[in-house]
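Before any comments, here is the structure.
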Amino acid sequence: MFADKLILRIPGPTPIPPRVQQAMARPMIGHRSGQFSELFARTAERLKPIFGTKQDVYILAGSGTSALELSVVNVLASGDEAVVLVSGAFGERFAKICERYGIIVHRLQVTWGEPVTPELLAPYLAERPQVKAVFATYCETSTGVLNPIRELAQVVREKSDALFIVDGVSCVGAVPCEMDEWGIDILVTGSQKAFMLPTGLAFVAVSERAWKVIDSRTPLAFYLDLKAYRKSFADRTTPYTPAVSLVFGLEEVCAMIEEEGLANIIRRHELMRDMTRAAMKALQLPLMTADAYASPTVTSVNPGEAFDPEALRKTLRTKHNVVIAGGQAHLTGKIFRIGHMGYCEPLDVIQVISAIEISLRQIGVDVPFGEGVKAAQEVLVNHV
Ligand SMILES: *Cc1c(COP(=O)(O)O)cnc(C)c1O
């Protein structure tokens, strides 16, 4: 097998387009140079439509979790109360970050595989008027649920004065996102998922409402102090050394996004979701999420007793150079997850489905060859 043909179908890190890889190989430049400032300013500007915001989008060096932590520590402090919507491992991570800072957390939990709905949130929030923020996960990567963020935002806006803070790490750049219009106060994402970059950049946009809260306090953080990012942003840079090479790559990603167009990118991801799901249904492999809440970026499958998903993953990896993800937390060893985001197109989905069919046969599961592939082909060909 060719090591450079590794077929990476996990929900991040995702494959890097060659032109982005090349951009990142450029020689280093001074991070306080005019050249960097210009690159930084024009690149940050191009993130706004992806977030659906007129606000500045701050770029920091850190994995996605650094941005989650930033969004907690800049608006809340020990003793404050927050509602955290927990539909899987990443919602739980938000809750744990809050608890680490002494914030009193009200977890609105749903069974993994299900979304948090506005019908659940409205009464939950009404009973807790003291909460200062509501934290939500847009795509819950651990289950493949796309939570109804727009409708959840509406509930928060109408029923409370709380800030609405959203983790968009595994979907912003691949799904509709209208931060300003929907009423999201802080939206964060990272570089290694739909943004087609290595891990290492985190992006944060902040509403005017949220700035009022942030400006009224001093956070228990130094590196993650948002006010420092805003101050440096005005000087077209970051407070601490930026990840220059990743910003070179980001500029190229922005060009790719503009060339394809956001609406087309969103449609491509929906198509890949529909193809993947049609294939799993045709192979009678139970999906973890209902169609209505299925994420366009990642699909989770729970085969139950039919076979061991870890055996499938091992065969895919060792015999075919294909990497898919397993389950997290209590779903470890129980499910598999197919990532289909970023630098991934419909024929790549056909490839991974075919590899799954072959690998299932190789681990002794009696699958009818071509049924999954055929179902996906039908979806593709009927796609308008
Ligand atoms: C990947 C991911 C993160 C961030 O994880 P890091 O490993 O810190 O980059 C956060 N939230 C969601 C929903 C994710 O999928």
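Each chain of the structure tokens is named A, B, ... in the order shown, its residues numbered from 1; ligands are numbered from 1 in display order.
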
#### Entry: All residues 12 Å or closer to Pro296 (chain A), only C-alpha atoms, same chain fewer than 2 positions away omitted, as an MDAnalysis selection string
chainID A and resid 11 138:141 144:147 170:176 194 265:277 289 291:294 298:300 338:342 344

### Task
Write out as a list of chain:residue names the residues lying within 7 Å of region 372-381 of chain A, counting only C-alpha atoms and excluding same-chain residues fewer than 5 positions away.
A:Asp274, A:Met275, A:Thr276, A:Ala278, A:Ala279, A:Met280, A:Ala282, A:Leu283, A:Ile350, A:Ile353, A:Ser354

Write the residues you've just listed into a file as a compact mmCIF listing (two decimals), in the first residue's frame, and include N, CA, C and O atoms for each of them.
# COMPACT_ATOMS: atom_id res chain seq x y z
N ASP A 274 -26.38 11.84 2.23
CA ASP A 274 -27.49 11.03 1.71
C ASP A 274 -26.98 9.75 1.06
O ASP A 274 -27.60 8.69 1.18
N MET A 275 -25.85 9.84 0.37
CA MET A 275 -25.27 8.65 -0.26
C MET A 275 -24.84 7.63 0.81
O MET A 275 -25.14 6.44 0.70
N THR A 276 -24.16 8.13 1.83
CA THR A 276 -23.67 7.25 2.88
C THR A 276 -24.83 6.56 3.58
O THR A 276 -24.81 5.34 3.83
N ALA A 278 -27.94 6.10 2.48
CA ALA A 278 -28.65 5.16 1.59
C ALA A 278 -27.88 3.84 1.52
O ALA A 278 -28.47 2.75 1.54
N ALA A 279 -26.56 3.93 1.48
CA ALA A 279 -25.74 2.71 1.39
C ALA A 279 -25.87 1.87 2.65
O ALA A 279 -26.04 0.64 2.59
N MET A 280 -25.80 2.52 3.81
CA MET A 280 -25.89 1.77 5.07
C MET A 280 -27.26 1.11 5.20
O MET A 280 -27.39 -0.02 5.66
N ALA A 282 -29.17 0.17 2.70
CA ALA A 282 -29.21 -0.94 1.74
C ALA A 282 -28.46 -2.16 2.27
O ALA A 282 -28.83 -3.30 2.00
N LEU A 283 -27.42 -1.91 3.05
CA LEU A 283 -26.64 -3.01 3.64
C LEU A 283 -27.25 -3.48 4.97
O LEU A 283 -26.69 -4.33 5.65
N ILE A 350 -18.30 6.66 -2.55
CA ILE A 350 -18.46 5.36 -3.21
C ILE A 350 -17.29 4.45 -2.83
O ILE A 350 -17.46 3.26 -2.54
N ILE A 353 -17.57 3.16 0.79
CA ILE A 353 -18.66 2.18 0.91
C ILE A 353 -18.23 0.84 0.31
O ILE A 353 -18.44 -0.23 0.91
N SER A 354 -17.60 0.90 -0.84
CA SER A 354 -17.11 -0.33 -1.46
C SER A 354 -16.10 -1.03 -0.56
O SER A 354 -16.15 -2.25 -0.36

### Message
I need the residues in region 153-349 of chain A that are alpha helix (DSSP H) according to DSSP; give them as a ChimeraX atom specification.
### Response
/A:153-159,179-182,208-215,226-234,244-260,262-282,309-320,346-349

File dump, residues just selected, C-alpha atoms, as a PDB file, in the first residue's frame:
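Once everything was written out, this is again_28.pdb:
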ATOM      1  CA  ALA A 153     -30.984  29.958  19.179  1.00  0.00           C
ATOM      2  CA  GLN A 154     -34.510  31.230  18.718  1.00  0.00           C
ATOM      3  CA  VAL A 155     -35.613  29.648  21.999  1.00  0.00           C
ATOM      4  CA  VAL A 156     -32.679  31.157  23.879  1.00  0.00           C
ATOM      5  CA  ARG A 157     -33.383  34.591  22.385  1.00  0.00           C
ATOM      6  CA  GLU A 158     -37.089  34.491  23.130  1.00  0.00           C
ATOM      7  CA  LYS A 159     -37.080  32.817  26.533  1.00  0.00           C
ATOM      8  CA  MET A 179     -24.476  33.454  13.183  1.00  0.00           C
ATOM      9  CA  ASP A 180     -25.879  37.009  13.169  1.00  0.00           C
ATOM     10  CA  GLU A 181     -29.269  36.199  11.731  1.00  0.00           C
ATOM     11  CA  TRP A 182     -29.858  33.223  14.011  1.00  0.00           C
ATOM     12  CA  GLU A 208     -22.029  42.628  20.359  1.00  0.00           C
ATOM     13  CA  ARG A 209     -24.200  41.263  23.168  1.00  0.00           C
ATOM     14  CA  ALA A 210     -21.424  38.909  24.197  1.00  0.00           C
ATOM     15  CA  TRP A 211     -18.834  41.692  24.044  1.00  0.00           C
ATOM     16  CA  LYS A 212     -20.856  43.659  26.618  1.00  0.00           C
ATOM     17  CA  VAL A 213     -20.480  40.759  29.032  1.00  0.00           C
ATOM     18  CA  ILE A 214     -16.834  40.132  28.162  1.00  0.00           C
ATOM     19  CA  ASP A 215     -15.929  43.799  28.549  1.00  0.00           C
ATOM     20  CA  LEU A 226     -10.454  37.475  24.120  1.00  0.00           C
ATOM     21  CA  LYS A 227      -9.814  41.163  24.723  1.00  0.00           C
ATOM     22  CA  ALA A 228      -6.172  40.605  23.823  1.00  0.00           C
ATOM     23  CA  TYR A 229      -7.218  39.060  20.497  1.00  0.00           C
ATOM     24  CA  ARG A 230      -9.531  41.966  19.736  1.00  0.00           C
ATOM     25  CA  LYS A 231      -6.831  44.512  20.550  1.00  0.00           C
ATOM     26  CA  SER A 232      -4.258  42.791  18.323  1.00  0.00           C
ATOM     27  CA  PHE A 233      -6.812  42.224  15.595  1.00  0.00           C
ATOM     28  CA  ALA A 234      -7.153  45.993  15.275  1.00  0.00           C
ATOM     29  CA  VAL A 244       2.029  31.439  10.233  1.00  0.00           C
ATOM     30  CA  SER A 245       2.175  28.332   8.012  1.00  0.00           C
ATOM     31  CA  LEU A 246      -1.380  27.394   8.880  1.00  0.00           C
ATOM     32  CA  VAL A 247      -2.518  30.881   7.958  1.00  0.00           C
ATOM     33  CA  PHE A 248      -0.806  30.441   4.565  1.00  0.00           C
ATOM     34  CA  GLY A 249      -2.885  27.283   4.209  1.00  0.00           C
ATOM     35  CA  LEU A 250      -6.034  29.022   5.425  1.00  0.00           C
ATOM     36  CA  GLU A 251      -5.766  31.633   2.709  1.00  0.00           C
ATOM     37  CA  GLU A 252      -5.707  28.852   0.128  1.00  0.00           C
ATOM     38  CA  VAL A 253      -8.702  27.177   1.782  1.00  0.00           C
ATOM     39  CA  CYS A 254     -10.625  30.453   1.570  1.00  0.00           C
ATOM     40  CA  ALA A 255      -9.827  30.607  -2.141  1.00  0.00           C
ATOM     41  CA  MET A 256     -11.081  27.049  -2.617  1.00  0.00           C
ATOM     42  CA  ILE A 257     -14.285  27.790  -0.707  1.00  0.00           C
ATOM     43  CA  GLU A 258     -14.924  30.900  -2.785  1.00  0.00           C
ATOM     44  CA  GLU A 259     -14.245  29.042  -6.047  1.00  0.00           C
ATOM     45  CA  GLU A 260     -16.716  26.275  -5.247  1.00  0.00           C
ATOM     46  CA  LEU A 262     -20.642  28.027  -0.044  1.00  0.00           C
ATOM     47  CA  ALA A 263     -24.040  26.936  -1.364  1.00  0.00           C
ATOM     48  CA  ASN A 264     -22.401  24.266  -3.535  1.00  0.00           C
ATOM     49  CA  ILE A 265     -20.233  23.104  -0.663  1.00  0.00           C
ATOM     50  CA  ILE A 266     -23.297  22.715   1.528  1.00  0.00           C
ATOM     51  CA  ARG A 267     -25.063  20.739  -1.215  1.00  0.00           C
ATOM     52  CA  ARG A 268     -22.031  18.504  -1.725  1.00  0.00           C
ATOM     53  CA  HIS A 269     -21.999  17.609   1.957  1.00  0.00           C
ATOM     54  CA  GLU A 270     -25.717  16.900   1.996  1.00  0.00           C
ATOM     55  CA  LEU A 271     -25.264  14.658  -1.008  1.00  0.00           C
ATOM     56  CA  MET A 272     -22.430  12.750   0.654  1.00  0.00           C
ATOM     57  CA  ARG A 273     -24.557  12.330   3.772  1.00  0.00           C
ATOM     58  CA  ASP A 274     -27.488  11.031   1.714  1.00  0.00           C
ATOM     59  CA  MET A 275     -25.267   8.652  -0.257  1.00  0.00           C
ATOM     60  CA  THR A 276     -23.671   7.248   2.880  1.00  0.00           C
ATOM     61  CA  ARG A 277     -26.997   6.762   4.609  1.00  0.00           C
ATOM     62  CA  ALA A 278     -28.647   5.156   1.593  1.00  0.00           C
ATOM     63  CA  ALA A 279     -25.737   2.714   1.386  1.00  0.00           C
ATOM     64  CA  MET A 280     -25.891   1.768   5.066  1.00  0.00           C
ATOM     65  CA  LYS A 281     -29.650   1.245   4.825  1.00  0.00           C
ATOM     66  CA  ALA A 282     -29.215  -0.943   1.738  1.00  0.00           C
ATOM     67  CA  PRO A 309     -16.952  -2.662  14.375  1.00  0.00           C
ATOM     68  CA  GLU A 310     -13.358  -2.768  15.589  1.00  0.00           C
ATOM     69  CA  ALA A 311     -12.721  -5.829  13.391  1.00  0.00           C
ATOM     70  CA  LEU A 312     -14.172  -3.937  10.433  1.00  0.00           C
ATOM     71  CA  ARG A 313     -11.990  -0.916  11.159  1.00  0.00           C
ATOM     72  CA  LYS A 314      -8.892  -3.074  11.481  1.00  0.00           C
ATOM     73  CA  THR A 315      -9.488  -4.794   8.134  1.00  0.00           C
ATOM     74  CA  LEU A 316     -10.164  -1.486   6.415  1.00  0.00           C
ATOM     75  CA  ARG A 317      -6.952  -0.084   7.826  1.00  0.00           C
ATOM     76  CA  THR A 318      -4.601  -3.001   7.340  1.00  0.00           C
ATOM     77  CA  LYS A 319      -5.877  -4.448   4.067  1.00  0.00           C
ATOM     78  CA  HIS A 320      -7.174  -1.364   2.262  1.00  0.00           C
ATOM     79  CA  PRO A 346     -19.138  11.911  -3.873  1.00  0.00           C
ATOM     80  CA  LEU A 347     -16.824   9.403  -5.566  1.00  0.00           C
ATOM     81  CA  ASP A 348     -14.760   9.224  -2.376  1.00  0.00           C
ATOM     82  CA  VAL A 349     -17.948   8.124  -0.634  1.00  0.00           C
TER      83      VAL A 349
END

### Task
Name the closest residue to Gly30 (chain A) among the candidates A:Asp185, A:Gly62, A:Tyr223, A:Thr237; distances are taken between atoms, counting only C-alpha atoms.
A:Thr237

Excluding same-chain residues fewer than 2 positions from Leu220 (chain A), what lies within 8 Å of it counting only C-alpha atoms, as a PDB file with all heavy atoms, in the first residue's frame?
ATOM      1  N   VAL A  73     -14.464  30.762  29.488  1.00  0.00           N
ATOM      2  CA  VAL A  73     -13.754  31.540  30.506  1.00  0.00           C
ATOM      3  C   VAL A  73     -13.899  33.041  30.302  1.00  0.00           C
ATOM      4  O   VAL A  73     -13.737  33.814  31.248  1.00  0.00           O
ATOM      5  CB  VAL A  73     -12.268  31.104  30.574  1.00  0.00           C
ATOM      6  CG1 VAL A  73     -11.487  31.567  29.350  1.00  0.00           C
ATOM      7  CG2 VAL A  73     -11.612  31.581  31.844  1.00  0.00           C
ATOM      8  N   ASN A  74     -14.255  33.479  29.095  1.00  0.00           N
ATOM      9  CA  ASN A  74     -14.411  34.914  28.875  1.00  0.00           C
ATOM     10  C   ASN A  74     -15.781  35.452  29.259  1.00  0.00           C
ATOM     11  O   ASN A  74     -15.946  36.663  29.364  1.00  0.00           O
ATOM     12  CB  ASN A  74     -14.106  35.270  27.416  1.00  0.00           C
ATOM     13  CG  ASN A  74     -12.618  35.370  27.147  1.00  0.00           C
ATOM     14  OD1 ASN A  74     -12.013  36.400  27.361  1.00  0.00           O
ATOM     15  ND2 ASN A  74     -12.019  34.267  26.718  1.00  0.00           N
ATOM     16  N   ALA A  77     -17.830  32.968  35.244  1.00  0.00           N
ATOM     17  CA  ALA A  77     -16.847  32.771  36.303  1.00  0.00           C
ATOM     18  C   ALA A  77     -17.454  31.842  37.357  1.00  0.00           C
ATOM     19  O   ALA A  77     -18.656  31.553  37.324  1.00  0.00           O
ATOM     20  CB  ALA A  77     -16.458  34.099  36.912  1.00  0.00           C
ATOM     21  N   THR A 218     -12.751  40.501  33.941  1.00  0.00           N
ATOM     22  CA  THR A 218     -11.395  40.056  33.615  1.00  0.00           C
ATOM     23  C   THR A 218     -11.381  38.538  33.729  1.00  0.00           C
ATOM     24  O   THR A 218     -11.683  38.002  34.797  1.00  0.00           O
ATOM     25  CB  THR A 218     -10.365  40.662  34.594  1.00  0.00           C
ATOM     26  OG1 THR A 218     -10.463  42.080  34.494  1.00  0.00           O
ATOM     27  CG2 THR A 218      -8.955  40.224  34.250  1.00  0.00           C
ATOM     28  N   PHE A 222      -5.075  33.856  30.584  1.00  0.00           N
ATOM     29  CA  PHE A 222      -4.167  34.825  29.968  1.00  0.00           C
ATOM     30  C   PHE A 222      -4.116  34.600  28.461  1.00  0.00           C
ATOM     31  O   PHE A 222      -4.538  35.435  27.679  1.00  0.00           O
ATOM     32  CB  PHE A 222      -2.766  34.705  30.582  1.00  0.00           C
ATOM     33  CG  PHE A 222      -1.817  35.734  30.044  1.00  0.00           C
ATOM     34  CD1 PHE A 222      -1.774  37.014  30.577  1.00  0.00           C
ATOM     35  CD2 PHE A 222      -0.976  35.433  28.978  1.00  0.00           C
ATOM     36  CE1 PHE A 222      -0.913  37.982  30.052  1.00  0.00           C
ATOM     37  CE2 PHE A 222      -0.115  36.389  28.455  1.00  0.00           C
ATOM     38  CZ  PHE A 222      -0.081  37.662  28.991  1.00  0.00           C
TER      39      PHE A 222
END

Write out as a compact mmCIF listing (two decimals) with all heavy atoms, in the first residue's frame each polymer residue whose atoms come within 9 Å of Gly102 (chain A), counting only C-alpha atoms; drop sequence neighbours fewer than 6 positions from it.
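Final file, part38.txt:
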# COMPACT_ATOMS: atom_id res chain seq x y z
N ALA A 77 -17.83 32.97 35.24
CA ALA A 77 -16.85 32.77 36.30
C ALA A 77 -17.45 31.84 37.36
O ALA A 77 -18.66 31.55 37.32
CB ALA A 77 -16.46 34.10 36.91
N SER A 78 -16.62 31.43 38.27
CA SER A 78 -17.03 30.54 39.35
C SER A 78 -18.32 31.04 40.01
O SER A 78 -18.43 32.22 40.34
CB SER A 78 -15.90 30.46 40.37
OG SER A 78 -16.24 29.55 41.37
N GLY A 79 -19.28 30.15 40.16
CA GLY A 79 -20.54 30.51 40.81
C GLY A 79 -21.63 30.89 39.83
O GLY A 79 -22.81 30.84 40.16
N ASP A 80 -21.26 31.26 38.60
CA ASP A 80 -22.28 31.53 37.57
C ASP A 80 -22.96 30.22 37.17
O ASP A 80 -22.39 29.14 37.35
CB ASP A 80 -21.63 32.14 36.31
CG ASP A 80 -21.22 33.60 36.52
OD1 ASP A 80 -21.75 34.23 37.45
OD2 ASP A 80 -20.35 34.07 35.77

What's the 9 Å shell around Gly64 (chain A), counting only C-alpha atoms, without same-chain residues fewer than 5 positions away, as a CSV table (one decimal) with N, CA, C and O atoms, in the first residue's frame?
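The file below, selection28.csv, is the result:
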chain,number,residue,atom,x,y,z
A,69,GLU,N,-12.8,26.4,25.4
A,69,GLU,CA,-12.4,26.9,26.7
A,69,GLU,C,-12.5,28.4,26.8
A,69,GLU,O,-13.0,29.0,27.7
A,167,ASP,N,-20.5,25.4,19.7
A,167,ASP,CA,-19.3,24.6,19.1
A,167,ASP,C,-19.7,24.2,17.7
A,167,ASP,O,-20.5,23.3,17.6
A,169,VAL,N,-17.3,23.1,15.6
A,169,VAL,CA,-16.0,22.6,15.2
A,169,VAL,C,-16.1,21.6,14.0
A,169,VAL,O,-15.4,21.6,13.0
A,188,VAL,N,-17.6,29.0,17.6
A,188,VAL,CA,-16.2,28.7,17.5
A,188,VAL,C,-16.0,27.5,16.5
A,188,VAL,O,-17.0,26.6,16.4
A,189,THR,N,-14.9,27.4,15.9
A,189,THR,CA,-14.6,26.2,15.1
A,189,THR,C,-13.1,26.0,15.1
A,189,THR,O,-12.3,26.8,15.6
A,190,GLY,N,-12.7,24.9,14.5
A,190,GLY,CA,-11.2,24.6,14.4
A,190,GLY,C,-10.8,24.3,12.9
A,190,GLY,O,-11.7,24.3,12.0
A,191,SER,N,-9.6,24.1,12.7
A,191,SER,CA,-9.0,24.0,11.4
A,191,SER,C,-9.1,22.6,10.8
A,191,SER,O,-9.0,22.4,9.5
A,192,GLN,N,-9.1,21.5,11.6
A,192,GLN,CA,-8.8,20.2,11.0
A,192,GLN,C,-10.1,19.4,10.6
A,192,GLN,O,-10.0,18.2,10.4
A,199,THR,N,-4.6,20.3,12.3
A,199,THR,CA,-5.0,20.9,13.6
A,199,THR,C,-4.1,22.0,13.9
A,199,THR,O,-2.9,22.0,13.6
A,200,GLY,N,-4.7,23.0,14.6
A,200,GLY,CA,-3.8,24.0,15.1
A,200,GLY,C,-4.3,25.5,15.0
A,200,GLY,O,-3.7,26.4,15.6
A,201,LEU,N,-5.4,25.7,14.3
A,201,LEU,CA,-6.0,27.0,14.3
A,201,LEU,C,-7.4,26.8,14.9
A,201,LEU,O,-8.1,25.8,14.6
A,202,ALA,N,-7.8,27.8,15.7
A,202,ALA,CA,-9.2,27.9,16.2
A,202,ALA,C,-9.7,29.2,15.8
A,202,ALA,O,-9.0,30.2,15.7
A,203,PHE,N,-11.0,29.3,15.4
A,203,PHE,CA,-11.6,30.5,15.0
A,203,PHE,C,-12.8,30.8,15.9
A,203,PHE,O,-13.5,29.9,16.3

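Taking only C-alpha atoms into account, His330 (chain A) lies nearest to A:Trp112 out of the set A:Gly261, A:Ser295, A:Phe369, A:Trp112.
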